[in-house]
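Below you'll find the structure, written out as structure tokens, and then a few comments.
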Amino acid sequence: MMKFQRNSQVFSRLIEGEWILLKQNSTYYYRLNETAGFLWEKLGKQKTPEDLLKSIASTYKVEKTQVKKDVDNFLKSGLKYGFILLKN
């Protein structure tokens, strides 16, 4: 099963309730919204998409189907920009 985790070359800091990400050797930084920040925190350890869905659904008291698109978009963007790594 596919698992995802943070890229160790991405530095992150929680500043006034908002996650800021900076990829090593990059001049750009990225700010995460509340949902993405929650998912980023969960990726401190390897997680499957299902793990992330369960976490966000139980924390925010919503159905998994309501947040599936958010989780999918977060993972796709994270892979695209190199913040997240795919582990098999």
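Letters for chains follow the order of the structure tokens (A, B, ...), residue numbers begin at 1 for each chain, and ligand numbers begin at 1 in the order shown.
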Using DSSP secondary structure from the backbone, list all strand (DSSP E) positions within chain A, as a PDB file with C-alpha atoms, in the first residue's frame.
```
ATOM      1  CA  LYS A   3       2.440   5.572   2.083  1.00  0.00           C
ATOM      2  CA  PHE A   4       3.426   9.204   2.142  1.00  0.00           C
ATOM      3  CA  GLN A   5       5.747  11.182   4.368  1.00  0.00           C
ATOM      4  CA  ARG A   6       7.343  14.585   4.628  1.00  0.00           C
ATOM      5  CA  VAL A  10      11.680  20.633   3.593  1.00  0.00           C
ATOM      6  CA  PHE A  11      11.887  22.829   6.638  1.00  0.00           C
ATOM      7  CA  SER A  12       8.631  23.683   8.342  1.00  0.00           C
ATOM      8  CA  ARG A  13       7.648  25.957  11.163  1.00  0.00           C
ATOM      9  CA  LEU A  14       4.342  26.730  12.812  1.00  0.00           C
ATOM     10  CA  ILE A  15       4.117  30.520  13.095  1.00  0.00           C
ATOM     11  CA  GLU A  18       0.043  28.777  10.252  1.00  0.00           C
ATOM     12  CA  TRP A  19       2.485  26.277   8.763  1.00  0.00           C
ATOM     13  CA  ILE A  20       5.269  27.740   6.613  1.00  0.00           C
ATOM     14  CA  LEU A  21       7.301  25.377   4.391  1.00  0.00           C
ATOM     15  CA  LEU A  22      10.663  26.044   2.789  1.00  0.00           C
ATOM     16  CA  LYS A  23      12.356  23.523   0.562  1.00  0.00           C
ATOM     17  CA  TYR A  29       8.221  29.477   0.811  1.00  0.00           C
ATOM     18  CA  TYR A  30       4.704  28.105   1.015  1.00  0.00           C
ATOM     19  CA  ARG A  31       1.929  28.771   3.509  1.00  0.00           C
ATOM     20  CA  ILE A  84       5.936  14.980   0.254  1.00  0.00           C
ATOM     21  CA  LEU A  85       7.564  11.710  -0.735  1.00  0.00           C
ATOM     22  CA  LEU A  86       5.854   8.510  -1.785  1.00  0.00           C
ATOM     23  CA  LYS A  87       7.030   5.384   0.073  1.00  0.00           C
TER      24      LYS A  87
END
```
Run DSSP on the backbone and grab whatever in chain A lands in helix (DSSP H, G or I); send it over as number ranges by chain. A: 34-42, 49-60, 64-81
Between A:Lys64, A:Lys76, A:Lys47, A:Lys69, which has the minimum distance to A:Asn88 (counting only C-alpha atoms)? A:Lys47
A:Tyr81, A:Thr35, A:Gly44, A:Phe74: which is nearest A:Tyr60, counting only C-alpha atoms? A:Thr35
Report, in Å to a single decimal, how far apart atom CA of A:Pro49 and atom CA of A:Gly78 are.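 These two atoms are separated by 12.8 Å.
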